[in-house]
>>> print(open('data01.csv').read())   # CSV, N, CA and C atoms
chain,number,residue,atom,x,y,z
A,271,MET,N,-16.1,183.5,24.5
A,271,MET,CA,-17.5,183.6,24.2
A,271,MET,C,-17.8,184.9,23.4
A,272,LYS,N,-17.1,186.0,23.9
A,272,LYS,CA,-17.3,187.3,23.2
A,272,LYS,C,-16.9,187.3,21.8
A,273,ILE,N,-15.8,186.6,21.5
A,273,ILE,CA,-15.3,186.6,20.1
A,273,ILE,C,-16.2,185.8,19.3
A,274,TYR,N,-16.8,184.7,19.8
A,274,TYR,CA,-17.8,183.9,19.1
A,274,TYR,C,-19.0,184.7,18.7
A,275,SER,N,-19.5,185.6,19.6
A,275,SER,CA,-20.6,186.4,19.3
A,275,SER,C,-20.3,187.4,18.2
A,276,VAL,N,-19.1,188.0,18.2
A,276,VAL,CA,-18.7,189.0,17.2
A,276,VAL,C,-18.6,188.3,15.8
A,277,VAL,N,-18.0,187.1,15.8
A,277,VAL,CA,-17.9,186.3,14.6
A,277,VAL,C,-19.3,185.9,14.0
A,278,LEU,N,-20.2,185.5,14.9
A,278,LEU,CA,-21.5,185.1,14.5
A,278,LEU,C,-22.3,186.3,13.9
A,279,ALA,N,-22.2,187.5,14.6
A,279,ALA,CA,-22.8,188.7,14.1
A,279,ALA,C,-22.3,189.1,12.8
A,280,ALA,N,-21.0,189.1,12.6
A,280,ALA,CA,-20.4,189.4,11.3
A,280,ALA,C,-20.8,188.5,10.2
A,281,THR,N,-20.9,187.2,10.5
A,281,THR,CA,-21.3,186.2,9.5
A,281,THR,C,-22.8,186.5,9.1
A,282,ILE,N,-23.6,186.8,10.0
A,282,ILE,CA,-25.0,187.0,9.7
A,282,ILE,C,-25.1,188.3,8.8
A,283,LEU,N,-24.4,189.3,9.2
A,283,LEU,CA,-24.4,190.5,8.4
A,283,LEU,C,-24.0,190.3,7.0
A,284,LEU,N,-22.9,189.5,6.8
A,284,LEU,CA,-22.4,189.2,5.5
A,284,LEU,C,-23.4,188.4,4.6
A,285,ALA,N,-24.2,187.6,5.3
A,285,ALA,CA,-25.1,186.7,4.6
A,285,ALA,C,-26.4,187.5,4.1
A,286,LEU,N,-26.7,188.6,4.8
A,286,LEU,CA,-27.9,189.3,4.4
A,286,LEU,C,-27.7,190.1,3.2
A,287,PRO,N,-28.7,190.3,2.3
A,287,PRO,CA,-28.7,191.2,1.2
A,287,PRO,C,-28.4,192.6,1.7
A,288,MET,N,-27.5,193.3,1.1
A,288,MET,CA,-27.1,194.6,1.6
A,288,MET,C,-27.5,195.6,0.6
A,289,THR,N,-27.7,196.8,1.1
A,289,THR,CA,-28.0,198.0,0.2
A,289,THR,C,-27.0,199.1,0.7
A,290,SER,N,-26.4,199.7,-0.3
A,290,SER,CA,-25.6,200.9,0.0
A,290,SER,C,-26.1,202.0,-0.8
A,291,GLN,N,-26.0,203.2,-0.3
A,291,GLN,CA,-26.5,204.4,-1.0
A,291,GLN,C,-25.4,205.4,-1.1
A,292,ALA,N,-25.4,206.1,-2.2
A,292,ALA,CA,-24.4,207.2,-2.4
A,292,ALA,C,-25.0,208.2,-3.3
A,293,GLN,N,-24.2,209.3,-3.4
A,293,GLN,CA,-24.6,210.3,-4.4
A,293,GLN,C,-23.5,210.4,-5.4
A,294,VAL,N,-23.8,211.0,-6.6
A,294,VAL,CA,-22.8,211.1,-7.6
A,294,VAL,C,-21.8,212.1,-7.2
A,295,ASP,N,-20.5,211.7,-7.3
A,295,ASP,CA,-19.4,212.7,-7.1
A,295,ASP,C,-18.4,212.4,-8.2
A,296,THR,N,-17.3,213.1,-8.1
A,296,THR,CA,-16.3,213.0,-9.2
A,296,THR,C,-15.8,211.6,-9.4
A,297,SER,N,-15.8,210.8,-8.3
A,297,SER,CA,-15.3,209.4,-8.4
A,297,SER,C,-16.2,208.5,-9.2
A,298,ASN,N,-17.5,208.7,-9.2
A,298,ASN,CA,-18.4,207.8,-9.9
A,298,ASN,C,-19.2,208.4,-11.0
A,299,TYR,N,-18.8,209.7,-11.4
A,299,TYR,CA,-19.5,210.3,-12.5
A,299,TYR,C,-19.5,209.5,-13.8
A,300,SER,N,-18.3,209.1,-14.1
A,300,SER,CA,-18.2,208.3,-15.4
A,300,SER,C,-19.0,207.0,-15.4
A,301,GLU,N,-19.0,206.3,-14.3
A,301,GLU,CA,-19.8,205.1,-14.2
A,301,GLU,C,-21.3,205.4,-14.3
A,302,SER,N,-21.7,206.5,-13.7
A,302,SER,CA,-23.1,207.0,-13.8
A,302,SER,C,-23.5,207.2,-15.3
A,303,ALA,N,-22.6,208.0,-15.9
A,303,ALA,CA,-22.9,208.4,-17.3
A,303,ALA,C,-22.9,207.2,-18.2
A,304,SER,N,-22.0,206.3,-18.0
A,304,SER,CA,-21.9,205.1,-18.8
A,304,SER,C,-23.2,204.2,-18.6
A,305,SER,N,-23.6,204.0,-17.3
A,305,SER,CA,-24.7,203.1,-17.1
A,305,SER,C,-26.0,203.7,-17.6
A,306,ILE,N,-26.1,205.0,-17.7
A,306,ILE,CA,-27.3,205.6,-18.2
A,306,ILE,C,-27.4,205.4,-19.7
A,307,LEU,N,-26.2,205.6,-20.4
A,307,LEU,CA,-26.2,205.4,-21.8
A,307,LEU,C,-26.3,204.0,-22.3
A,308,SER,N,-25.9,203.0,-21.4
A,308,SER,CA,-26.0,201.6,-21.8
A,308,SER,C,-27.1,200.9,-21.0
A,309,ALA,N,-28.1,201.7,-20.6
A,309,ALA,CA,-29.3,201.1,-19.9
A,309,ALA,C,-29.9,200.0,-20.7
A,310,GLY,N,-30.1,200.1,-21.9
A,310,GLY,CA,-30.8,199.1,-22.8
A,310,GLY,C,-30.0,197.8,-22.8
A,311,SER,N,-28.7,197.9,-23.0
A,311,SER,CA,-27.9,196.7,-23.1
A,311,SER,C,-27.8,196.0,-21.7
A,312,ALA,N,-27.9,196.7,-20.6
A,312,ALA,CA,-27.9,196.1,-19.3
A,312,ALA,C,-29.1,195.2,-19.1
A,313,SER,N,-30.2,195.5,-19.8
A,313,SER,CA,-31.5,194.7,-19.6
A,313,SER,C,-31.3,193.2,-19.9
A,314,ALA,N,-30.4,192.9,-20.8
A,314,ALA,CA,-30.2,191.5,-21.1
A,314,ALA,C,-29.6,190.7,-20.0
A,315,LYS,N,-28.6,191.3,-19.3
A,315,LYS,CA,-28.0,190.7,-18.1
A,315,LYS,C,-29.0,190.6,-17.0
A,316,ILE,N,-29.8,191.6,-16.8
A,316,ILE,CA,-30.8,191.6,-15.7
A,316,ILE,C,-31.8,190.6,-15.9
A,317,ARG,N,-32.3,190.3,-17.1
A,317,ARG,CA,-33.3,189.3,-17.3
A,317,ARG,C,-32.8,187.9,-16.9
A,318,ASN,N,-31.5,187.7,-17.0
A,318,ASN,CA,-30.9,186.4,-16.6
A,318,ASN,C,-30.4,186.2,-15.2
A,319,LEU,N,-30.6,187.2,-14.4
A,319,LEU,CA,-30.1,187.1,-13.0
A,319,LEU,C,-31.0,186.1,-12.2
A,320,LYS,N,-30.3,185.3,-11.4
A,320,LYS,CA,-30.9,184.3,-10.6
A,320,LYS,C,-30.9,184.7,-9.1
A,321,SER,N,-30.1,185.7,-8.7
A,321,SER,CA,-30.1,186.2,-7.4
A,321,SER,C,-29.4,187.6,-7.4
A,322,VAL,N,-29.7,188.4,-6.4
A,322,VAL,CA,-29.2,189.7,-6.2
A,322,VAL,C,-28.6,189.8,-4.8
A,323,PRO,N,-27.3,189.4,-4.6
A,323,PRO,CA,-26.7,189.3,-3.3
A,323,PRO,C,-26.5,190.7,-2.6
A,324,SER,N,-26.4,191.7,-3.4
A,324,SER,CA,-26.3,193.1,-2.9
A,324,SER,C,-26.9,194.1,-3.9
A,325,LEU,N,-27.3,195.2,-3.3
A,325,LEU,CA,-27.9,196.2,-4.2
A,325,LEU,C,-27.4,197.6,-3.7
A,326,GLY,N,-26.7,198.3,-4.6
A,326,GLY,CA,-26.2,199.6,-4.3
A,326,GLY,C,-27.0,200.6,-5.1
A,327,ILE,N,-27.2,201.8,-4.5
A,327,ILE,CA,-28.0,202.8,-5.1
A,327,ILE,C,-27.2,204.1,-5.1
A,328,VAL,N,-27.1,204.7,-6.3
A,328,VAL,CA,-26.5,206.0,-6.5
A,328,VAL,C,-27.5,207.0,-6.9
A,329,ARG,N,-27.7,208.0,-6.2
A,329,ARG,CA,-28.7,209.0,-6.5
A,329,ARG,C,-28.0,210.1,-7.3
A,330,VAL,N,-28.4,210.3,-8.5
A,330,VAL,CA,-27.8,211.3,-9.4
A,330,VAL,C,-28.3,212.7,-9.3
A,331,GLN,N,-29.5,212.8,-8.9
A,331,GLN,CA,-30.2,214.1,-8.9
A,331,GLN,C,-29.6,215.1,-7.8
A,332,PHE,N,-29.2,214.5,-6.7
A,332,PHE,CA,-28.8,215.4,-5.6
A,332,PHE,C,-27.3,215.4,-5.3
A,333,GLY,N,-26.6,214.7,-6.2
A,333,GLY,CA,-25.1,214.6,-6.1
A,333,GLY,C,-24.5,216.0,-6.3
A,334,PHE,N,-23.2,216.1,-5.9
A,334,PHE,CA,-22.4,217.3,-6.2
A,334,PHE,C,-21.2,216.8,-7.0
A,335,VAL,N,-21.2,217.3,-8.2
A,335,VAL,CA,-20.1,217.1,-9.1
A,335,VAL,C,-19.6,218.5,-9.5
A,336,PRO,N,-18.4,218.9,-9.1
A,336,PRO,CA,-17.9,220.2,-9.6
A,336,PRO,C,-17.7,220.1,-11.1
A,337,ARG,N,-17.7,221.2,-11.7
A,337,ARG,CA,-17.5,221.2,-13.2
A,337,ARG,C,-16.3,220.4,-13.5
A,338,LEU,N,-16.5,219.4,-14.3
A,338,LEU,CA,-15.4,218.5,-14.6
A,338,LEU,C,-14.6,218.9,-15.9
A,339,SER,N,-15.3,219.7,-16.7
A,339,SER,CA,-14.6,220.1,-18.0
A,339,SER,C,-15.3,221.4,-18.5
A,340,ASP,N,-14.8,221.9,-19.5
A,340,ASP,CA,-15.4,223.1,-20.1
A,340,ASP,C,-16.7,222.7,-20.8
A,341,ASP,N,-17.0,221.4,-21.0
A,341,ASP,CA,-18.2,221.0,-21.6
A,341,ASP,C,-19.4,221.0,-20.6
A,342,GLY,N,-19.1,221.3,-19.4
A,342,GLY,CA,-20.2,221.5,-18.4
A,342,GLY,C,-20.7,220.1,-17.9
A,343,GLU,N,-19.9,219.1,-17.8
A,343,GLU,CA,-20.3,217.8,-17.2
A,343,GLU,C,-20.6,218.0,-15.7
A,344,ASN,N,-21.9,217.7,-15.4
A,344,ASN,CA,-22.3,217.7,-14.0
A,344,ASN,C,-23.5,216.9,-13.8
A,345,THR,N,-24.1,216.9,-12.7
A,345,THR,CA,-25.3,216.0,-12.5
A,345,THR,C,-26.5,216.3,-13.4
A,346,SER,N,-26.6,217.6,-13.8
A,346,SER,CA,-27.7,217.9,-14.7
A,346,SER,C,-27.5,217.3,-16.1
A,347,THR,N,-26.2,217.2,-16.4
A,347,THR,CA,-25.9,216.5,-17.7
A,347,THR,C,-26.3,215.1,-17.7
A,348,LEU,N,-26.2,214.4,-16.5
A,348,LEU,CA,-26.7,213.0,-16.4
A,348,LEU,C,-28.2,212.9,-16.6
A,349,LEU,N,-28.9,213.9,-16.0
A,349,LEU,CA,-30.4,213.8,-16.2
A,349,LEU,C,-30.8,214.1,-17.6
A,350,ILE,N,-30.0,215.0,-18.3
A,350,ILE,CA,-30.3,215.2,-19.7
A,350,ILE,C,-30.0,213.9,-20.5
A,351,SER,N,-28.9,213.2,-20.2
A,351,SER,CA,-28.6,212.0,-20.9
A,351,SER,C,-29.7,211.0,-20.7
A,352,ALA,N,-30.3,210.9,-19.5
A,352,ALA,CA,-31.4,210.0,-19.2
A,352,ALA,C,-32.6,210.3,-20.0
A,353,GLU,N,-32.9,211.6,-20.2
A,353,GLU,CA,-34.1,212.0,-21.0
A,353,GLU,C,-33.8,211.6,-22.5
A,354,ARG,N,-32.6,211.7,-22.9
A,354,ARG,CA,-32.3,211.4,-24.3
A,354,ARG,C,-32.3,209.9,-24.6
A,355,ASN,N,-32.1,209.1,-23.5
A,355,ASN,CA,-32.0,207.6,-23.6
A,355,ASN,C,-33.2,207.0,-23.0
A,356,SER,N,-34.4,207.6,-23.2
A,356,SER,CA,-35.6,207.1,-22.6
A,356,SER,C,-36.0,205.7,-23.1
A,357,ALA,N,-35.6,205.4,-24.3
A,357,ALA,CA,-36.0,204.1,-24.9
A,357,ALA,C,-35.1,203.0,-24.2
A,358,GLY,N,-33.9,203.2,-24.0
A,358,GLY,CA,-33.0,202.3,-23.3
A,358,GLY,C,-33.4,202.1,-21.9
A,359,ILE,N,-33.8,203.2,-21.2
A,359,ILE,CA,-34.2,203.2,-19.8
A,359,ILE,C,-35.5,202.4,-19.7
A,360,ALA,N,-36.4,202.6,-20.6
A,360,ALA,CA,-37.6,201.8,-20.6
A,360,ALA,C,-37.4,200.3,-20.7
A,361,LYS,N,-36.4,199.9,-21.5
A,361,LYS,CA,-36.0,198.5,-21.6
A,361,LYS,C,-35.4,198.0,-20.3
A,362,LEU,N,-34.6,198.8,-19.7
A,362,LEU,CA,-34.0,198.5,-18.4
A,362,LEU,C,-35.1,198.3,-17.3
A,363,ARG,N,-36.0,199.2,-17.2
A,363,ARG,CA,-37.1,199.1,-16.2
A,363,ARG,C,-38.0,197.9,-16.5
A,364,SER,N,-38.2,197.6,-17.7
A,364,SER,CA,-39.0,196.4,-18.1
A,364,SER,C,-38.3,195.1,-17.6
A,365,ALA,N,-37.0,195.1,-17.9
A,365,ALA,CA,-36.2,193.9,-17.4
A,365,ALA,C,-36.2,193.8,-15.9
A,366,LEU,N,-36.1,194.9,-15.2
A,366,LEU,CA,-36.1,194.8,-13.7
A,366,LEU,C,-37.4,194.3,-13.2
A,367,LEU,N,-38.5,194.8,-13.8
A,367,LEU,CA,-39.8,194.4,-13.4
A,367,LEU,C,-40.2,192.9,-13.8
A,368,GLY,N,-39.6,192.5,-15.0
A,368,GLY,CA,-39.9,191.2,-15.5
A,368,GLY,C,-39.2,190.1,-14.8
A,369,ASN,N,-38.1,190.4,-14.1
A,369,ASN,CA,-37.4,189.3,-13.4
A,369,ASN,C,-37.8,189.4,-11.9
A,370,SER,N,-38.4,188.3,-11.4
A,370,SER,CA,-38.9,188.3,-10.1
A,370,SER,C,-37.9,188.6,-9.0
A,371,VAL,N,-36.6,188.1,-9.3
A,371,VAL,CA,-35.6,188.4,-8.3
A,371,VAL,C,-35.2,189.8,-8.2
A,372,THR,N,-35.1,190.5,-9.3
A,372,THR,CA,-34.8,191.9,-9.3
A,372,THR,C,-36.0,192.8,-8.8
A,373,ARG,N,-37.2,192.4,-9.2
A,373,ARG,CA,-38.4,193.1,-8.7
A,373,ARG,C,-38.5,193.0,-7.2
A,374,ASN,N,-38.2,191.8,-6.6
A,374,ASN,CA,-38.3,191.6,-5.2
A,374,ASN,C,-37.2,192.5,-4.5
A,375,ALA,N,-36.0,192.5,-5.1
A,375,ALA,CA,-34.9,193.3,-4.5
A,375,ALA,C,-35.3,194.8,-4.5
A,376,LEU,N,-35.9,195.3,-5.6
A,376,LEU,CA,-36.3,196.7,-5.6
A,376,LEU,C,-37.4,196.9,-4.5
A,377,GLU,N,-38.3,196.0,-4.4
A,377,GLU,CA,-39.4,196.2,-3.4
A,377,GLU,C,-38.8,196.2,-2.0
A,378,GLN,N,-37.9,195.2,-1.7
A,378,GLN,CA,-37.3,195.1,-0.4
A,378,GLN,C,-36.5,196.3,0.1
A,379,HIS,N,-36.0,197.0,-0.9
A,379,HIS,CA,-35.1,198.2,-0.6
A,379,HIS,C,-35.8,199.5,-0.9
A,380,GLY,N,-37.1,199.4,-1.2
A,380,GLY,CA,-37.9,200.7,-1.4
A,380,GLY,C,-37.5,201.5,-2.6
A,381,VAL,N,-37.1,200.8,-3.7
A,381,VAL,CA,-36.6,201.6,-4.9
A,381,VAL,C,-37.8,201.6,-5.8
A,382,SER,N,-38.2,202.8,-6.2
A,382,SER,CA,-39.3,203.0,-7.2
A,382,SER,C,-38.7,202.8,-8.6
A,383,ILE,N,-39.3,201.9,-9.4
A,383,ILE,CA,-38.9,201.6,-10.7
A,383,ILE,C,-38.8,202.8,-11.6
A,384,ASN,N,-39.7,203.8,-11.4
A,384,ASN,CA,-39.8,205.0,-12.2
A,384,ASN,C,-38.6,205.9,-12.0
A,385,ARG,N,-37.8,205.7,-10.9
A,385,ARG,CA,-36.7,206.5,-10.7
A,385,ARG,C,-35.4,205.9,-11.2
A,386,VAL,N,-35.4,204.6,-11.6
A,386,VAL,CA,-34.2,204.0,-12.1
A,386,VAL,C,-33.9,204.5,-13.5
A,387,ILE,N,-32.6,204.9,-13.7
A,387,ILE,CA,-32.2,205.4,-15.0
A,387,ILE,C,-30.9,204.7,-15.5
A,388,GLY,N,-30.3,203.8,-14.7
A,388,GLY,CA,-29.1,203.1,-15.1
A,388,GLY,C,-28.9,202.0,-14.2
A,389,ALA,N,-28.1,201.0,-14.6
A,389,ALA,CA,-27.7,199.9,-13.8
A,389,ALA,C,-26.4,199.3,-14.3
A,390,ASN,N,-25.7,198.8,-13.3
A,390,ASN,CA,-24.5,198.0,-13.6
A,390,ASN,C,-24.7,196.6,-12.9
A,391,VAL,N,-24.4,195.5,-13.5
A,391,VAL,CA,-24.5,194.2,-13.0
A,391,VAL,C,-23.1,193.6,-12.7
A,392,GLY,N,-22.9,193.3,-11.4
A,392,GLY,CA,-21.6,192.7,-11.1
A,392,GLY,C,-21.5,191.2,-11.5
A,393,SER,N,-20.3,190.7,-11.5
A,393,SER,CA,-20.1,189.3,-11.9
A,393,SER,C,-20.9,188.3,-11.1
A,394,ASN,N,-21.2,188.7,-9.8
A,394,ASN,CA,-21.9,187.7,-8.9
A,394,ASN,C,-23.4,188.0,-8.9
A,395,GLY,N,-23.9,189.0,-9.7
A,395,GLY,CA,-25.3,189.3,-9.7
A,395,GLY,C,-25.6,190.6,-8.9
A,396,SER,N,-24.6,191.2,-8.3
A,396,SER,CA,-24.9,192.4,-7.5
A,396,SER,C,-25.3,193.5,-8.5
A,397,LEU,N,-26.2,194.3,-8.0
A,397,LEU,CA,-26.7,195.4,-8.8
A,397,LEU,C,-26.3,196.7,-8.2
A,398,ARG,N,-25.9,197.6,-9.1
A,398,ARG,CA,-25.7,199.0,-8.7
A,398,ARG,C,-26.6,199.8,-9.6
A,399,LEU,N,-27.7,200.4,-8.9
A,399,LEU,CA,-28.7,201.2,-9.7
A,399,LEU,C,-28.4,202.7,-9.5
A,400,PHE,N,-28.7,203.4,-10.6
A,400,PHE,CA,-28.5,204.8,-10.7
A,400,PHE,C,-30.0,205.4,-10.8
A,401,VAL,N,-30.3,206.2,-9.8
A,401,VAL,CA,-31.7,206.7,-9.7
A,401,VAL,C,-31.7,208.2,-9.7
A,402,LYS,N,-32.8,208.7,-10.2
A,402,LYS,CA,-33.0,210.2,-10.1
A,402,LYS,C,-33.8,210.6,-9.0
>>> encode(input="data01.csv", output="structure tokens")
Amino acid sequence: MKIYSVVLAATILLALPMTSQAQVDTSNYSESASSILSAGSASAKIRNLKSVPSLGIVRVQFGFVPRLSDDGENTSTLLISAERNSAGIAKLRSALLGNSVTRNALEQHGVSINRVIGANVGSNGSLRLFVK
């Protein structure tokens, strides 16, 4: 009976939409930078999403990334990239709001659209959002 309860609980947890949160560090700096620069092109994928089985959130503003190179790559560089790609980010935000599935996912997880600066779409529709 105890094993049945554990299996049932695990099954329920796996079926629920999940949210994970992280901060930018050296392991996901490149992904963050890439998603910010390609925010406009991600909007096409987001418009076509039919479901969002999971939502991951990476906060770029408060992350710690030690100096990665002499070029000064760090979290403030990501925020500068976001400012320079404001047109692409506007397209991304518009797509997120225009798709009822993604709009509901943002609302359910308390993500403000004005903070989203990048997104990656997984093959199954999972979203990884980069927020400031």
>>> closest_residue(input="data01.csv", among="A:Lys402, A:Arg354, A:Lys320, A:Lys315", to="Asn374 (chain A)", atoms="only C-alpha atoms")
A:Lys320
>>> atom_distance(input="data01.csv", atom1="CA of Ile316 (chain A)", atom2="atom C of Ala365 (chain A)")
5.8 Å
>>> closest_residue(input="data01.csv", among="A:Lys361, A:Val381, A:Asn298, A:Glu353", to="Ala314 (chain A)", atoms="all atoms listed in the file")
A:Lys361
>>> atom_distance(input="data01.csv", atom1="CA of Leu348 (chain A)", atom2="CA of Leu307 (chain A)")
9.3 Å
>>> atom_distance(input="data01.csv", atom1="CA of Ser324 (chain A)", atom2="CA of Gly392 (chain A)")
9.5 Å
>>> closest_residue(input="data01.csv", among="A:Val322, A:Val328, A:Ala375, A:Ala389", to="Ile306 (chain A)", atoms="only N, CA and C atoms")
A:Ala389
>>> residues_around(input="data01.csv", residues="Asn369 (chain A)", least_positions_apart="2", cutoff="10 Å", atoms="only C-alpha atoms", output="list in words")
Ile316, Arg317, Asn318, Leu319, Lys320, Ser321, Ser364, Ala365, Leu366, Leu367, Val371, Thr372, Arg373 and Asn374 of chain A
>>> residues_around(input="data01.csv", residues="Ile387 (chain A)", least_positions_apart="6", cutoff="8 Å", atoms="all atoms listed in the file", output="list in words")
Ser302, Ser305, Ile306, Leu307, Ser308, Ala309, Gly310, Ala352, Gly358, Ile359, Ala360, Leu362, Arg363, Leu399, Phe400, Val401 and Lys402 of chain A
>>> write_last_selection(input="data01.csv", atoms="N, CA and C atoms", output="PDB file, keeping the file's coordinate frame")
ATOM      1  N   SER A 302     -21.700 206.500 -13.700  1.00  0.00           N
ATOM      2  CA  SER A 302     -23.100 207.000 -13.800  1.00  0.00           C
ATOM      3  C   SER A 302     -23.500 207.200 -15.300  1.00  0.00           C
ATOM      4  N   SER A 305     -23.600 204.000 -17.300  1.00  0.00           N
ATOM      5  CA  SER A 305     -24.700 203.100 -17.100  1.00  0.00           C
ATOM      6  C   SER A 305     -26.000 203.700 -17.600  1.00  0.00           C
ATOM      7  N   ILE A 306     -26.100 205.000 -17.700  1.00  0.00           N
ATOM      8  CA  ILE A 306     -27.300 205.600 -18.200  1.00  0.00           C
ATOM      9  C   ILE A 306     -27.400 205.400 -19.700  1.00  0.00           C
ATOM     10  N   LEU A 307     -26.200 205.600 -20.400  1.00  0.00           N
ATOM     11  CA  LEU A 307     -26.200 205.400 -21.800  1.00  0.00           C
ATOM     12  C   LEU A 307     -26.300 204.000 -22.300  1.00  0.00           C
ATOM     13  N   SER A 308     -25.900 203.000 -21.400  1.00  0.00           N
ATOM     14  CA  SER A 308     -26.000 201.600 -21.800  1.00  0.00           C
ATOM     15  C   SER A 308     -27.100 200.900 -21.000  1.00  0.00           C
ATOM     16  N   ALA A 309     -28.100 201.700 -20.600  1.00  0.00           N
ATOM     17  CA  ALA A 309     -29.300 201.100 -19.900  1.00  0.00           C
ATOM     18  C   ALA A 309     -29.900 200.000 -20.700  1.00  0.00           C
ATOM     19  N   GLY A 310     -30.100 200.100 -21.900  1.00  0.00           N
ATOM     20  CA  GLY A 310     -30.800 199.100 -22.800  1.00  0.00           C
ATOM     21  C   GLY A 310     -30.000 197.800 -22.800  1.00  0.00           C
ATOM     22  N   ALA A 352     -30.300 210.900 -19.500  1.00  0.00           N
ATOM     23  CA  ALA A 352     -31.400 210.000 -19.200  1.00  0.00           C
ATOM     24  C   ALA A 352     -32.600 210.300 -20.000  1.00  0.00           C
ATOM     25  N   GLY A 358     -33.900 203.200 -24.000  1.00  0.00           N
ATOM     26  CA  GLY A 358     -33.000 202.300 -23.300  1.00  0.00           C
ATOM     27  C   GLY A 358     -33.400 202.100 -21.900  1.00  0.00           C
ATOM     28  N   ILE A 359     -33.800 203.200 -21.200  1.00  0.00           N
ATOM     29  CA  ILE A 359     -34.200 203.200 -19.800  1.00  0.00           C
ATOM     30  C   ILE A 359     -35.500 202.400 -19.700  1.00  0.00           C
ATOM     31  N   ALA A 360     -36.400 202.600 -20.600  1.00  0.00           N
ATOM     32  CA  ALA A 360     -37.600 201.800 -20.600  1.00  0.00           C
ATOM     33  C   ALA A 360     -37.400 200.300 -20.700  1.00  0.00           C
ATOM     34  N   LEU A 362     -34.600 198.800 -19.700  1.00  0.00           N
ATOM     35  CA  LEU A 362     -34.000 198.500 -18.400  1.00  0.00           C
ATOM     36  C   LEU A 362     -35.100 198.300 -17.300  1.00  0.00           C
ATOM     37  N   ARG A 363     -36.000 199.200 -17.200  1.00  0.00           N
ATOM     38  CA  ARG A 363     -37.100 199.100 -16.200  1.00  0.00           C
ATOM     39  C   ARG A 363     -38.000 197.900 -16.500  1.00  0.00           C
ATOM     40  N   LEU A 399     -27.700 200.400  -8.900  1.00  0.00           N
ATOM     41  CA  LEU A 399     -28.700 201.200  -9.700  1.00  0.00           C
ATOM     42  C   LEU A 399     -28.400 202.700  -9.500  1.00  0.00           C
ATOM     43  N   PHE A 400     -28.700 203.400 -10.600  1.00  0.00           N
ATOM     44  CA  PHE A 400     -28.500 204.800 -10.700  1.00  0.00           C
ATOM     45  C   PHE A 400     -30.000 205.400 -10.800  1.00  0.00           C
ATOM     46  N   VAL A 401     -30.300 206.200  -9.800  1.00  0.00           N
ATOM     47  CA  VAL A 401     -31.700 206.700  -9.700  1.00  0.00           C
ATOM     48  C   VAL A 401     -31.700 208.200  -9.700  1.00  0.00           C
ATOM     49  N   LYS A 402     -32.800 208.700 -10.200  1.00  0.00           N
ATOM     50  CA  LYS A 402     -33.000 210.200 -10.100  1.00  0.00           C
ATOM     51  C   LYS A 402     -33.800 210.600  -9.000  1.00  0.00           C
TER      52      LYS A 402
END
>>> closest_residue(input="data01.csv", among="A:Leu376, A:Ala303, A:Leu325, A:Ala357", to="Asn394 (chain A)", atoms="only C-alpha atoms")
A:Leu325
>>> decode(input="data01.csv", residues="region 390-399 of chain A", atoms="N, CA, C and O atoms", output="PDB file, in the first residue's frame")
ATOM      1  N   ASN A 390      13.516  30.050 -24.779  1.00  0.00           N
ATOM      2  CA  ASN A 390      13.856  28.859 -25.551  1.00  0.00           C
ATOM      3  C   ASN A 390      12.648  27.947 -25.513  1.00  0.00           C
ATOM      4  O   ASN A 390      12.040  27.767 -24.458  1.00  0.00           O
ATOM      5  N   VAL A 391      12.316  27.370 -26.656  1.00  0.00           N
ATOM      6  CA  VAL A 391      11.174  26.467 -26.758  1.00  0.00           C
ATOM      7  C   VAL A 391      11.709  25.057 -26.967  1.00  0.00           C
ATOM      8  O   VAL A 391      12.451  24.803 -27.915  1.00  0.00           O
ATOM      9  N   GLY A 392      11.319  24.152 -26.066  1.00  0.00           N
ATOM     10  CA  GLY A 392      11.725  22.764 -26.191  1.00  0.00           C
ATOM     11  C   GLY A 392      10.921  22.044 -27.255  1.00  0.00           C
ATOM     12  O   GLY A 392       9.888  22.537 -27.721  1.00  0.00           O
ATOM     13  N   SER A 393      11.371  20.869 -27.633  1.00  0.00           N
ATOM     14  CA  SER A 393      10.698  20.110 -28.694  1.00  0.00           C
ATOM     15  C   SER A 393       9.284  19.683 -28.305  1.00  0.00           C
ATOM     16  O   SER A 393       8.441  19.476 -29.164  1.00  0.00           O
ATOM     17  N   ASN A 394       9.020  19.597 -26.987  1.00  0.00           N
ATOM     18  CA  ASN A 394       7.674  19.207 -26.543  1.00  0.00           C
ATOM     19  C   ASN A 394       6.817  20.405 -26.142  1.00  0.00           C
ATOM     20  O   ASN A 394       5.732  20.243 -25.625  1.00  0.00           O
ATOM     21  N   GLY A 395       7.325  21.623 -26.385  1.00  0.00           N
ATOM     22  CA  GLY A 395       6.579  22.828 -26.040  1.00  0.00           C
ATOM     23  C   GLY A 395       6.969  23.442 -24.710  1.00  0.00           C
ATOM     24  O   GLY A 395       6.425  24.471 -24.316  1.00  0.00           O
ATOM     25  N   SER A 396       7.908  22.822 -24.013  1.00  0.00           N
ATOM     26  CA  SER A 396       8.374  23.398 -22.758  1.00  0.00           C
ATOM     27  C   SER A 396       9.037  24.734 -23.027  1.00  0.00           C
ATOM     28  O   SER A 396       9.710  24.912 -24.041  1.00  0.00           O
ATOM     29  N   LEU A 397       8.853  25.651 -22.117  1.00  0.00           N
ATOM     30  CA  LEU A 397       9.447  26.987 -22.253  1.00  0.00           C
ATOM     31  C   LEU A 397      10.493  27.204 -21.184  1.00  0.00           C
ATOM     32  O   LEU A 397      10.312  26.824 -20.020  1.00  0.00           O
ATOM     33  N   ARG A 398      11.576  27.834 -21.582  1.00  0.00           N
ATOM     34  CA  ARG A 398      12.565  28.326 -20.631  1.00  0.00           C
ATOM     35  C   ARG A 398      12.653  29.821 -20.899  1.00  0.00           C
ATOM     36  O   ARG A 398      13.079  30.257 -21.963  1.00  0.00           O
ATOM     37  N   LEU A 399      12.165  30.599 -19.922  1.00  0.00           N
ATOM     38  CA  LEU A 399      12.136  32.053 -20.073  1.00  0.00           C
ATOM     39  C   LEU A 399      13.293  32.684 -19.322  1.00  0.00           C
ATOM     40  O   LEU A 399      13.632  32.262 -18.210  1.00  0.00           O
TER      41      LEU A 399
END
